[in-house]
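Novice: Sharing query-v7.txt here; it has compact mmCIF, C-alpha atoms and all ligand atoms.
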```
# COMPACT_ATOMS: atom_id res chain seq x y z
CA MET A 10 240.51 129.75 75.60
CA ASN A 11 238.59 130.76 78.73
CA ILE A 12 235.71 132.56 77.08
CA LYS A 13 232.56 130.46 77.32
CA PHE A 14 230.18 130.38 74.40
CA LYS A 15 227.22 128.35 73.31
CA ASN A 16 227.96 125.24 71.36
CA PHE A 17 225.86 124.74 68.23
CA ASN A 18 228.13 122.15 66.60
CA ASN A 19 225.31 119.70 66.03
CA LEU A 20 223.14 122.27 64.23
CA LYS A 21 225.22 122.84 61.12
CA TYR A 22 223.13 123.22 57.95
CA ILE A 23 224.74 121.71 54.89
CA GLY A 24 223.39 123.20 51.68
CA GLY A 25 223.34 121.59 48.22
CA VAL A 26 226.86 120.86 46.98
CA SER A 27 227.87 123.19 44.14
CA LYS A 28 231.40 122.08 43.23
CA ILE A 29 232.99 118.87 42.02
CA LYS A 30 236.74 118.45 42.19
CA ASN A 31 238.47 119.04 38.85
CA ILE A 32 235.24 119.86 37.01
CA GLU A 33 234.77 123.40 35.75
CA ASN A 34 231.03 123.83 35.32
CA PRO A 35 229.09 121.04 36.95
CA ILE A 36 225.34 120.86 36.53
CA LYS A 37 223.91 121.77 39.90
CA LEU A 38 220.54 120.14 40.50
CA SER A 39 221.00 120.06 44.26
CA ALA A 40 219.43 123.20 45.75
CA ASN A 41 215.97 123.70 44.24
CA GLU A 42 217.10 126.88 42.52
CA SER A 43 215.42 128.32 39.45
CA ALA A 44 216.08 126.52 36.17
CA LEU A 45 215.89 129.66 34.06
CA GLY A 46 217.49 132.14 36.44
CA PRO A 47 216.25 135.67 37.10
CA SER A 48 214.25 137.89 34.76
CA LYS A 49 216.47 139.69 32.23
CA LYS A 50 214.92 142.97 33.37
CA ALA A 51 215.98 142.22 36.94
CA ILE A 52 219.53 141.51 35.79
CA SER A 53 219.73 144.89 34.06
CA ILE A 54 218.69 146.64 37.31
CA TYR A 55 221.43 144.75 39.11
CA ALA A 56 224.00 146.18 36.70
CA LYS A 57 222.61 149.70 37.05
CA TYR A 58 222.97 149.62 40.82
CA SER A 59 226.77 149.61 40.72
CA ASN A 60 227.03 153.40 41.21
CA LYS A 61 224.99 153.28 44.41
CA LEU A 62 227.04 150.77 46.39
CA SER A 63 228.38 153.34 48.88
CA ARG A 64 224.90 154.09 50.28
CA TYR A 65 223.13 152.21 53.05
CA PRO A 66 219.95 150.56 51.85
CA ASP A 67 216.44 151.50 52.95
CA SER A 68 216.15 149.68 56.29
CA ASN A 69 212.46 148.99 55.74
CA SER A 70 212.74 147.95 52.09
CA GLY A 71 209.95 150.46 51.48
CA ILE A 72 209.61 150.33 47.69
CA LEU A 73 209.70 146.55 47.65
CA THR A 74 207.16 146.37 50.48
CA GLU A 75 204.84 148.66 48.52
CA ILE A 76 205.02 146.62 45.36
CA ILE A 77 204.38 143.39 47.25
CA SER A 78 201.49 145.06 49.02
CA LYS A 79 199.96 146.14 45.69
CA LYS A 80 200.53 142.90 43.85
CA PHE A 81 199.06 140.67 46.57
CA LYS A 82 196.56 143.20 47.94
CA LEU A 83 198.07 143.23 51.41
CA ASN A 84 198.42 145.93 54.00
CA SER A 85 202.07 146.99 54.02
CA ASN A 86 202.11 147.04 57.84
CA ASN A 87 201.74 143.28 57.74
CA ILE A 88 204.81 142.72 55.57
CA ILE A 89 208.45 142.27 56.56
CA ILE A 90 211.28 141.81 54.08
CA GLY A 91 214.09 139.49 55.08
CA ASN A 92 217.53 138.35 54.09
CA GLY A 93 216.01 135.25 52.56
CA SER A 94 212.83 133.75 53.95
CA ASP A 95 215.34 132.03 56.16
CA GLU A 96 215.71 135.25 58.14
CA ILE A 97 211.95 135.45 58.65
CA ILE A 98 212.00 131.93 60.11
CA SER A 99 214.85 132.92 62.36
CA LEU A 100 213.14 136.13 63.52
CA ALA A 101 209.93 134.26 64.29
CA CYS A 102 211.81 131.82 66.53
CA GLN A 103 213.78 134.62 68.16
CA LEU A 104 210.65 136.61 68.87
CA LEU A 105 208.39 133.86 70.11
CA LEU A 106 210.48 131.24 71.85
CA SER A 107 211.39 131.05 75.50
CA PRO A 108 213.17 128.07 77.06
CA LYS A 109 210.97 124.95 77.12
CA ASP A 110 208.59 126.27 74.48
CA GLU A 111 207.84 123.58 71.94
CA VAL A 112 208.02 123.84 68.17
CA ILE A 113 206.33 121.19 66.05
CA VAL A 114 207.90 120.23 62.74
CA THR A 115 207.01 117.38 60.43
CA GLU A 116 209.26 114.35 60.11
CA TYR A 117 211.05 115.33 56.89
CA SER A 118 210.74 119.08 57.00
CA PHE A 119 213.09 121.88 55.98
CA LEU A 120 215.97 121.67 58.43
CA MET A 121 216.19 125.37 59.25
CA TYR A 122 212.97 125.18 61.32
CA ARG A 123 214.69 122.81 63.74
CA ILE A 124 217.96 124.68 63.68
CA TYR A 125 216.49 128.09 64.51
CA ALA A 126 214.07 126.64 67.04
CA LYS A 127 217.02 125.11 68.90
CA ILE A 128 219.27 128.16 68.60
CA PHE A 129 216.57 130.27 70.25
CA GLY A 130 216.02 127.80 73.06
CA GLY A 131 212.95 125.94 71.87
CA LYS A 132 212.35 122.23 72.05
CA VAL A 133 211.74 120.57 68.70
CA VAL A 134 208.92 118.05 68.54
CA GLU A 135 208.67 115.92 65.44
CA ALA A 136 205.31 114.83 64.02
CA LYS A 137 205.45 111.63 61.95
CA GLU A 138 204.40 111.90 58.32
CA ASP A 139 202.06 109.59 56.50
CA ASN A 140 203.96 108.12 53.56
CA PHE A 141 206.17 111.20 53.21
CA LYS A 142 203.32 113.65 53.56
CA ALA A 143 202.52 115.87 56.56
CA ASP A 144 199.74 114.39 58.65
CA ILE A 145 197.61 116.98 60.40
CA TYR A 146 196.38 114.53 63.05
CA SER A 147 199.90 113.50 63.89
CA ILE A 148 200.73 117.20 64.28
CA LEU A 149 197.68 117.80 66.47
CA ASN A 150 198.61 114.80 68.61
CA LYS A 151 201.92 116.45 69.42
CA VAL A 152 200.38 119.66 70.72
CA THR A 153 200.90 120.34 74.44
CA SER A 154 200.38 123.37 76.65
CA LYS A 155 203.95 124.37 75.73
CA THR A 156 203.47 124.36 71.95
CA LYS A 157 204.26 127.80 70.54
CA ILE A 158 204.90 127.36 66.81
CA VAL A 159 203.96 124.81 64.14
CA PHE A 160 205.98 124.94 60.92
CA ILE A 161 204.57 123.64 57.63
CA ALA A 162 206.21 124.09 54.26
CA ASN A 163 203.54 123.72 51.62
CA PRO A 164 204.67 122.13 49.36
CA ASN A 165 207.25 120.55 51.59
CA ASN A 166 210.96 120.31 50.94
CA PRO A 167 212.40 117.65 50.56
CA THR A 168 209.40 115.32 50.17
CA GLY A 169 207.68 117.35 47.43
CA THR A 170 204.24 116.59 48.89
CA TYR A 171 201.60 119.10 49.97
CA LEU A 172 198.57 119.55 52.18
CA ASP A 173 195.43 120.41 50.28
CA LYS A 174 193.33 123.46 51.20
CA GLU A 175 190.91 121.55 53.37
CA GLU A 176 193.66 119.84 55.33
CA ILE A 177 195.62 122.96 56.11
CA LEU A 178 192.49 124.95 56.99
CA LEU A 179 191.43 122.14 59.29
CA LEU A 180 194.86 122.13 60.90
CA ARG A 181 194.57 125.83 61.71
CA LYS A 182 191.03 125.36 62.97
CA LYS A 183 192.01 122.57 65.34
CA LEU A 184 195.19 124.15 66.63
CA ARG A 185 194.91 126.22 69.78
CA LYS A 186 194.44 129.89 68.88
CA ASN A 187 197.61 131.05 70.62
CA ILE A 188 199.86 128.75 68.61
CA LEU A 189 201.50 130.44 65.63
CA LEU A 190 201.16 128.43 62.43
CA VAL A 191 203.98 129.27 60.04
CA VAL A 192 203.10 128.39 56.47
CA ASP A 193 206.18 128.41 54.29
CA ASP A 194 205.15 129.24 50.71
CA ALA A 195 208.69 128.99 49.26
CA TYR A 196 207.55 126.78 46.36
CA SER A 197 203.91 127.87 46.11
CA GLU A 198 204.24 129.62 42.73
CA PHE A 199 205.10 126.33 41.04
CA VAL A 200 201.96 124.50 42.19
CA MET A 201 199.11 124.07 39.71
CA LYS A 202 196.95 121.59 41.64
CA GLU A 203 193.24 122.31 41.88
CA ASP A 204 193.00 121.33 45.53
CA TYR A 205 195.98 123.47 46.56
CA SER A 206 195.98 127.06 47.81
CA SER A 207 199.04 128.91 49.03
CA GLY A 208 199.31 130.03 52.63
CA LEU A 209 198.91 133.61 51.46
CA ASP A 210 195.67 132.87 49.61
CA LEU A 211 194.18 131.00 52.54
CA PHE A 212 195.33 132.88 55.60
CA LYS A 213 195.50 136.54 54.60
CA ASN A 214 193.02 137.45 57.29
CA TYR A 215 194.30 135.28 60.11
CA ASN A 216 196.05 136.76 63.13
CA ASN A 217 197.78 133.57 64.11
CA VAL A 218 199.38 132.54 60.82
CA LEU A 219 202.74 133.79 59.57
CA ILE A 220 203.37 133.23 55.88
CA THR A 221 206.84 133.18 54.41
CA ARG A 222 207.74 133.69 50.77
CA SER A 223 211.06 133.44 48.96
CA PHE A 224 212.74 135.09 45.99
CA SER A 225 215.25 132.24 45.85
CA LYS A 226 213.10 129.74 44.00
CA ILE A 227 210.88 130.75 41.09
CA TYR A 228 212.35 134.28 40.94
CA GLY A 229 215.86 132.92 40.60
CA LEU A 230 217.50 135.28 43.11
CA ALA A 231 218.93 132.82 45.64
CA SER A 232 222.30 134.53 45.74
CA LEU A 233 220.84 137.96 46.60
CA ARG A 234 219.14 136.54 49.73
CA LEU A 235 215.62 137.81 49.74
CA GLY A 236 212.33 136.69 51.19
CA TRP A 237 209.38 138.13 53.04
CA GLY A 238 206.88 137.42 55.72
CA TYR A 239 203.22 138.33 56.10
CA GLY A 240 201.34 138.18 59.36
CA ASN A 241 199.69 139.95 62.24
CA SER A 242 200.88 143.59 62.25
CA LYS A 243 201.89 143.38 65.91
CA ILE A 244 204.10 140.37 65.29
CA ILE A 245 205.53 141.95 62.13
CA GLU A 246 206.24 145.20 63.97
CA ALA A 247 208.02 143.30 66.74
CA MET A 248 210.05 141.35 64.19
CA LYS A 249 211.11 144.61 62.56
CA LEU A 250 212.38 145.85 65.92
CA ILE A 251 214.71 142.90 66.38
CA LYS A 252 215.91 142.49 62.80
CA PRO A 253 219.35 143.88 61.88
CA PRO A 254 218.73 147.48 60.71
CA PHE A 255 219.99 146.95 57.15
CA ASN A 256 219.11 143.32 56.77
CA VAL A 257 218.32 143.46 53.05
CA ASN A 258 220.90 144.96 50.72
CA GLY A 259 219.90 147.75 48.33
CA VAL A 260 220.65 145.86 45.13
CA ALA A 261 218.47 142.96 46.24
CA GLN A 262 215.57 145.32 47.02
CA MET A 263 215.63 146.93 43.57
CA VAL A 264 216.16 143.69 41.69
CA ALA A 265 213.23 142.11 43.51
CA VAL A 266 210.97 145.02 42.55
CA GLU A 267 211.76 144.42 38.89
CA SER A 268 211.36 140.66 39.25
CA ILE A 269 207.89 141.01 40.66
CA LYS A 270 206.88 143.28 37.80
CA ASP A 271 208.04 140.79 35.17
CA VAL A 272 204.96 138.61 35.19
CA LYS A 273 205.81 137.11 31.79
CA TRP A 274 209.05 135.71 33.15
CA LEU A 275 207.21 134.10 36.02
CA SER A 276 204.77 132.41 33.63
CA LYS A 277 207.64 131.18 31.48
CA ASN A 278 209.18 129.56 34.55
CA ILE A 279 205.92 127.90 35.47
CA VAL A 280 205.40 126.49 31.97
CA HIS A 281 208.98 125.20 31.83
CA ASN A 282 208.63 123.58 35.23
CA GLN A 283 205.26 121.98 34.46
CA LYS A 284 206.52 120.48 31.24
CA TRP A 285 209.65 118.97 32.74
CA ALA A 286 208.00 117.86 35.97
CA GLN A 287 205.68 115.66 33.87
CA ILE A 288 208.55 114.27 31.82
CA PHE A 289 210.62 113.52 34.94
CA PHE A 290 207.65 111.85 36.56
CA LYS A 291 206.95 109.60 33.56
CA ASN A 292 210.57 108.48 33.60
CA PHE A 293 210.47 107.78 37.34
CA LEU A 294 207.33 105.68 36.87
CA ARG A 295 208.78 103.72 34.00
CA LEU A 296 212.00 103.07 35.87
CA LYS A 297 210.06 102.19 39.05
CA ILE A 298 211.77 104.89 41.10
CA ILE A 299 209.64 105.77 44.09
CA THR A 300 208.89 109.49 44.18
CA ASN A 301 206.25 112.18 44.79
CA ILE A 302 203.72 113.32 42.20
CA PRO A 303 204.84 116.44 40.26
CA VAL A 304 204.13 119.51 42.42
CA ALA A 305 207.10 121.86 42.81
CA ASN A 306 210.47 122.14 41.00
CA PHE A 307 212.06 119.08 42.58
CA PHE A 308 211.54 115.39 43.25
CA LEU A 309 212.60 113.13 46.07
CA MET A 310 213.81 109.86 44.55
CA ARG A 311 213.85 106.85 46.85
CA PHE A 312 215.81 103.71 46.09
CA ASP A 313 214.61 101.28 48.74
CA ASN A 314 213.29 98.93 46.05
CA LYS A 315 216.54 99.03 44.07
CA ASN A 316 219.70 97.07 44.52
CA ILE A 317 221.85 100.16 44.13
CA SER A 318 222.36 102.61 46.99
CA ALA A 319 221.66 106.34 46.83
CA ASP A 320 225.39 106.98 47.33
CA LYS A 321 226.23 104.87 44.28
CA VAL A 322 223.54 106.62 42.21
CA TYR A 323 224.94 109.97 43.37
CA ASP A 324 228.44 108.92 42.23
CA ARG A 325 227.15 107.79 38.84
CA PHE A 326 225.58 111.22 38.35
CA ILE A 327 228.81 112.93 39.39
CA LYS A 328 230.49 111.05 36.52
CA SER A 329 228.02 112.85 34.22
CA ASN A 330 228.94 116.18 35.92
CA ILE A 331 225.54 116.33 37.63
CA ILE A 332 225.26 117.14 41.32
CA LEU A 333 222.15 115.87 43.12
CA ARG A 334 221.28 116.39 46.79
CA LYS A 335 222.13 113.68 49.28
CA MET A 336 219.44 113.26 51.90
CA LYS A 337 221.38 111.87 54.87
CA SER A 338 220.93 115.05 56.87
CA TYR A 339 217.16 114.55 56.50
CA SER A 340 217.49 110.96 57.79
CA LEU A 341 216.80 109.64 54.30
CA PRO A 342 220.12 107.94 53.50
CA ASN A 343 218.70 105.96 50.60
CA ALA A 344 217.14 108.88 48.76
CA LEU A 345 218.34 111.72 46.55
CA ARG A 346 216.64 114.96 45.61
CA VAL A 347 216.78 116.40 42.12
CA THR A 348 215.86 119.91 41.00
CA ILE A 349 214.41 120.53 37.55
CA GLY A 350 217.02 122.30 35.43
CA THR A 351 217.30 123.77 31.94
CA ASP A 352 216.31 121.74 28.86
CA LYS A 353 219.89 120.65 28.28
CA GLU A 354 220.50 119.76 31.92
CA ASN A 355 217.28 117.79 32.16
CA ILE A 356 218.04 115.80 29.03
CA LEU A 357 221.42 114.81 30.45
CA PHE A 358 219.84 114.00 33.82
CA LEU A 359 217.30 111.68 32.19
CA LYS A 360 219.90 110.05 29.94
CA THR A 361 222.03 109.26 32.99
CA LEU A 362 219.05 108.06 34.99
CA ASN A 363 217.99 105.73 32.19
CA ARG A 364 221.52 104.44 31.83
CA ILE A 365 221.58 103.54 35.53
CA PHE A 366 218.12 102.03 35.86
CA ASP A 367 216.89 100.81 32.50
CA VAL A 368 216.97 97.03 32.31
C1 LIG B 401 210.88 125.03 52.36
C2 LIG B 401 211.93 126.09 52.32
N1 LIG B 401 211.75 127.21 53.02
C3 LIG B 401 212.67 128.18 53.01
C4 LIG B 401 213.84 128.06 52.29
C5 LIG B 401 214.84 129.16 52.38
O1 LIG B 401 214.74 130.01 51.33
P1 LIG B 401 215.47 131.41 51.28
O2 LIG B 401 216.51 131.28 50.24
O3 LIG B 401 214.39 132.38 50.92
O4 LIG B 401 216.05 131.70 52.62
C6 LIG B 401 214.07 126.91 51.55
C7 LIG B 401 215.32 126.77 50.80
O5 LIG B 401 215.70 125.74 50.31
C8 LIG B 401 213.10 125.90 51.55
O6 LIG B 401 213.26 124.77 50.88
```
Have the structure of the file written as structure tokens, please.

Specialist:
Amino acid sequence: MNIKFKNFNNLKYIGGVSKIKNIENPIKLSANESALGPSKKAISIYAKYSNKLSRYPDSNSGILTEIISKKFKLNSNNIIIGNGSDEIISLACQLLLSPKDEVIVTEYSFLMYRIYAKIFGGKVVEAKEDNFKADIYSILNKVTSKTKIVFIANPNNPTGTYLDKEEILLLRKKLRKNILLVVDDAYSEFVMKEDYSSGLDLFKNYNNVLITRSFSKIYGLASLRLGWGYGNSKIIEAMKLIKPPFNVNGVAQMVAVESIKDVKWLSKNIVHNQKWAQIFFKNFLRLKIITNIPVANFFLMRFDNKNISADKVYDRFIKSNIILRKMKSYSLPNALRVTIGTDKENILFLKTLNRIFDV
């Protein structure tokens, strides 16, 4: 073929595996999805929407924007709804980056930051972490006159670690004012640590911070593709101009409205996650599996001190119908990530783990 096009072959994102050959309903603990799924009220709205499928959705996701604005006490002009928070990340890179602009990411950060930065012509600069945790001084050391964006997921996927309030505030304070700090709050609702504050809580009044939030995690709506961004109204307005006109489907908008209203469901998810995160952690300690302290709805398990490889552990879990997340694409070949699941799934996970590692 003579038509020339850009080659992005090396940027492929590989999500958590969801199928195992010859197994009907595997237990998927590979993508940090919600253990309990969406609110029942949200599901009933989904069903109701079936007679409206022929209509285009509201291009500005107006009702959803309003409810987010009310719930979090935000000006609606500072909010953009996206097809997953993923789309907000993409739009930010598209809007801000010109060739040679630099984007700082931490060593083991969510891969889409790098992928979008590269697609939109930026140069990715990696800041080393300190024992699997973002290090603000290492980030600051990487800043040059070309730095345009710094991405921080707090808590971070896949390491499960977080920057405390002081650290992240200090990072913003020490970064040049014209660098956009993107704080990715995808897992913030799960965090119950005293020294933690979400990006939204800390940076509501900052012009040079973009916060992203997701409906894929605690709200259990990963399949509907829904997230949002909050930032400077000029940046948000410019992002709205370049987004696809009907980027968020109508069903997703209405289901999200109902999900936000169901505060009880959210609390139930938090309680479930807290309980199991502690149980998982105790097991990891007892079995001497190196991991992060309980923060979000997943753990990174490292096997460097074990005489079994992550691949072998993965295969043993597959035999129990459990799919974990391999970490090779994050340059962590000897680690696996596990998402907290339902009671039944977690019990089977722990049984299998103990069978592999108990001496
Ligand atoms: C840190 C982080 N940010 C963003 C996302 C993307 O979420 P969404 O489904 O809202 O696009 C993920 C998904 O795994 C994530 O781990």

Novice: Just give me the gap between CA of Lys157 in chain A and CA of Glu175 in chain A in Å, one decimal is fine.

Specialist: 22.6 Å

Novice: With all atoms listed in the file as the counted atoms, please give the residues lying no more than 10 Å from Lys61 in chain A, apart from itself and same-chain residues fewer than 5 positions off, as a ChimeraX atom specification.

Specialist: /A:66,259-260

Novice: I'd like to know which of A:Ile245, A:Ile332, A:Ala319, A:Val304 is closest to Ala344 in chain A, using only C-alpha atoms.

Specialist: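 The answer is A:Ala319, which sits nearest to Ala344 in chain A.
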
Novice: Using only C-alpha atoms and all ligand atoms, which residues of the polymer chains come no farther than 7 Å from ligand LIG 401 (chain B)? I'd like the answer as a list in words.

Specialist: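 Counting only what the definition allows, namely only C-alpha atoms and all ligand atoms, the set is Ala40, Asn41, Asn92, Gly93, Ser94, Asp95, Glu96, Phe119, Ala162, Asn165, Asn166, Asp193, Ala195, Arg222, Ser223, Phe224, Ser225, Ala231, Arg234, Leu235 and Gly236 of chain A.
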
Novice: Restricting the output to C-alpha atoms, write the selected residues as a compact mmCIF listing (two decimals), in the coordinates of the input.

Specialist:
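Full text of result.txt as output:
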```
# COMPACT_ATOMS: atom_id res chain seq x y z
CA ALA A 40 219.43 123.20 45.75
CA ASN A 41 215.97 123.70 44.24
CA ASN A 92 217.53 138.35 54.09
CA GLY A 93 216.01 135.25 52.56
CA SER A 94 212.83 133.75 53.95
CA ASP A 95 215.34 132.03 56.16
CA GLU A 96 215.71 135.25 58.14
CA PHE A 119 213.09 121.88 55.98
CA ALA A 162 206.21 124.09 54.26
CA ASN A 165 207.25 120.55 51.59
CA ASN A 166 210.96 120.31 50.94
CA ASP A 193 206.18 128.41 54.29
CA ALA A 195 208.69 128.99 49.26
CA ARG A 222 207.74 133.69 50.77
CA SER A 223 211.06 133.44 48.96
CA PHE A 224 212.74 135.09 45.99
CA SER A 225 215.25 132.24 45.85
CA ALA A 231 218.93 132.82 45.64
CA ARG A 234 219.14 136.54 49.73
CA LEU A 235 215.62 137.81 49.74
CA GLY A 236 212.33 136.69 51.19
```

Novice: Just to confirm, what's the straight-line distance from CA of Tyr205 in chain A to CA of Leu178 in chain A in Å (one decimal)?

Specialist: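 Interatomic distance here is 11.1 Å.
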
Novice: Would you please work out which residue, of A:Ile128, A:Ala305, A:Leu230, A:Ile148, is nearest to Asn19 in chain A when using only C-alpha atoms?

Specialist: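 With only C-alpha atoms as the atom set, the closest residue is A:Ile128.
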
Novice: Tell me which of A:Asn256, A:Leu233, A:Phe358, A:Ala143 sits closest to Tyr55 in chain A, counting all atoms listed in the file.

Specialist: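 Going through A:Asn256, A:Leu233, A:Phe358, A:Ala143 one by one, the smallest distance to Tyr55 in chain A is for A:Leu233.
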
Novice: Can you work out which one of A:Ile88, A:Ala44, A:Leu106, A:Ile76 has the shortest atom-to-atom distance to Asn355 in chain A, counting all atoms listed in the file?

Specialist: A:Ala44

Novice: Keeping all heavy atoms, write range 278-286 of chain A of the structure just shown out as a CSV table (one decimal), in the first residue's frame.

Specialist:
```csv
chain,number,residue,atom,x,y,z
A,278,ASN,N,-19.4,-0.4,49.1
A,278,ASN,CA,-18.1,-0.7,48.3
A,278,ASN,C,-16.9,-0.4,49.2
A,278,ASN,O,-15.9,-1.2,49.2
A,278,ASN,CB,-18.0,0.1,47.1
A,278,ASN,CG,-18.7,-0.6,45.9
A,278,ASN,OD1,-18.2,-1.4,45.3
A,278,ASN,ND2,-20.0,-0.2,45.7
A,279,ILE,N,-16.9,0.7,49.8
A,279,ILE,CA,-15.7,1.1,50.6
A,279,ILE,C,-15.5,0.1,51.8
A,279,ILE,O,-14.4,-0.3,52.0
A,279,ILE,CB,-15.9,2.6,51.1
A,279,ILE,CG1,-15.8,3.6,49.9
A,279,ILE,CG2,-14.8,2.9,52.1
A,279,ILE,CD1,-16.2,5.0,50.3
A,280,VAL,N,-16.6,-0.2,52.5
A,280,VAL,CA,-16.5,-1.1,53.6
A,280,VAL,C,-16.0,-2.5,53.1
A,280,VAL,O,-15.1,-3.1,53.7
A,280,VAL,CB,-17.9,-1.2,54.3
A,280,VAL,CG1,-17.9,-2.3,55.3
A,280,VAL,CG2,-18.3,0.1,54.9
A,281,HIS,N,-16.6,-3.0,52.0
A,281,HIS,CA,-16.1,-4.3,51.5
A,281,HIS,C,-14.6,-4.2,51.2
A,281,HIS,O,-13.9,-5.1,51.5
A,281,HIS,CB,-17.0,-4.5,50.2
A,281,HIS,CG,-16.5,-5.8,49.5
A,281,HIS,ND1,-17.0,-7.0,49.8
A,281,HIS,CD2,-15.6,-5.9,48.5
A,281,HIS,CE1,-16.4,-7.9,49.0
A,281,HIS,NE2,-15.6,-7.3,48.2
A,282,ASN,N,-14.2,-3.1,50.5
A,282,ASN,CA,-12.8,-3.1,50.1
A,282,ASN,C,-11.9,-3.0,51.3
A,282,ASN,O,-10.9,-3.6,51.3
A,282,ASN,CB,-12.7,-1.8,49.2
A,282,ASN,CG,-11.3,-1.9,48.4
A,282,ASN,OD1,-11.1,-2.8,47.6
A,282,ASN,ND2,-10.4,-1.0,48.8
A,283,GLN,N,-12.3,-2.2,52.3
A,283,GLN,CA,-11.4,-2.0,53.5
A,283,GLN,C,-11.2,-3.4,54.2
A,283,GLN,O,-10.1,-3.7,54.5
A,283,GLN,CB,-12.2,-1.1,54.5
A,283,GLN,CG,-12.1,0.4,54.1
A,283,GLN,CD,-10.7,0.9,54.4
A,283,GLN,OE1,-10.2,0.8,55.5
A,283,GLN,NE2,-10.1,1.5,53.4
A,284,LYS,N,-12.3,-4.1,54.3
A,284,LYS,CA,-12.3,-5.3,55.0
A,284,LYS,C,-11.3,-6.3,54.3
A,284,LYS,O,-10.4,-6.8,54.9
A,284,LYS,CB,-13.7,-5.9,55.1
A,284,LYS,CG,-13.8,-7.3,55.6
A,284,LYS,CD,-15.2,-7.9,55.6
A,284,LYS,CE,-15.1,-9.4,55.2
A,284,LYS,NZ,-16.4,-9.9,54.9
A,285,TRP,N,-11.5,-6.4,53.0
A,285,TRP,CA,-10.7,-7.4,52.3
A,285,TRP,C,-9.3,-7.0,52.1
A,285,TRP,O,-8.4,-7.8,52.1
A,285,TRP,CB,-11.4,-7.8,51.0
A,285,TRP,CG,-12.5,-8.8,51.2
A,285,TRP,CD1,-13.8,-8.6,51.1
A,285,TRP,CD2,-12.3,-10.2,51.5
A,285,TRP,NE1,-14.5,-9.7,51.4
A,285,TRP,CE2,-13.6,-10.7,51.7
A,285,TRP,CE3,-11.2,-11.0,51.8
A,285,TRP,CZ2,-13.8,-12.0,52.0
A,285,TRP,CZ3,-11.5,-12.3,52.1
A,285,TRP,CH2,-12.7,-12.8,52.2
A,286,ALA,N,-9.1,-5.7,52.0
A,286,ALA,CA,-7.7,-5.2,51.8
A,286,ALA,C,-6.9,-5.6,53.0
A,286,ALA,O,-5.7,-6.0,52.9
A,286,ALA,CB,-7.7,-3.7,51.6
```
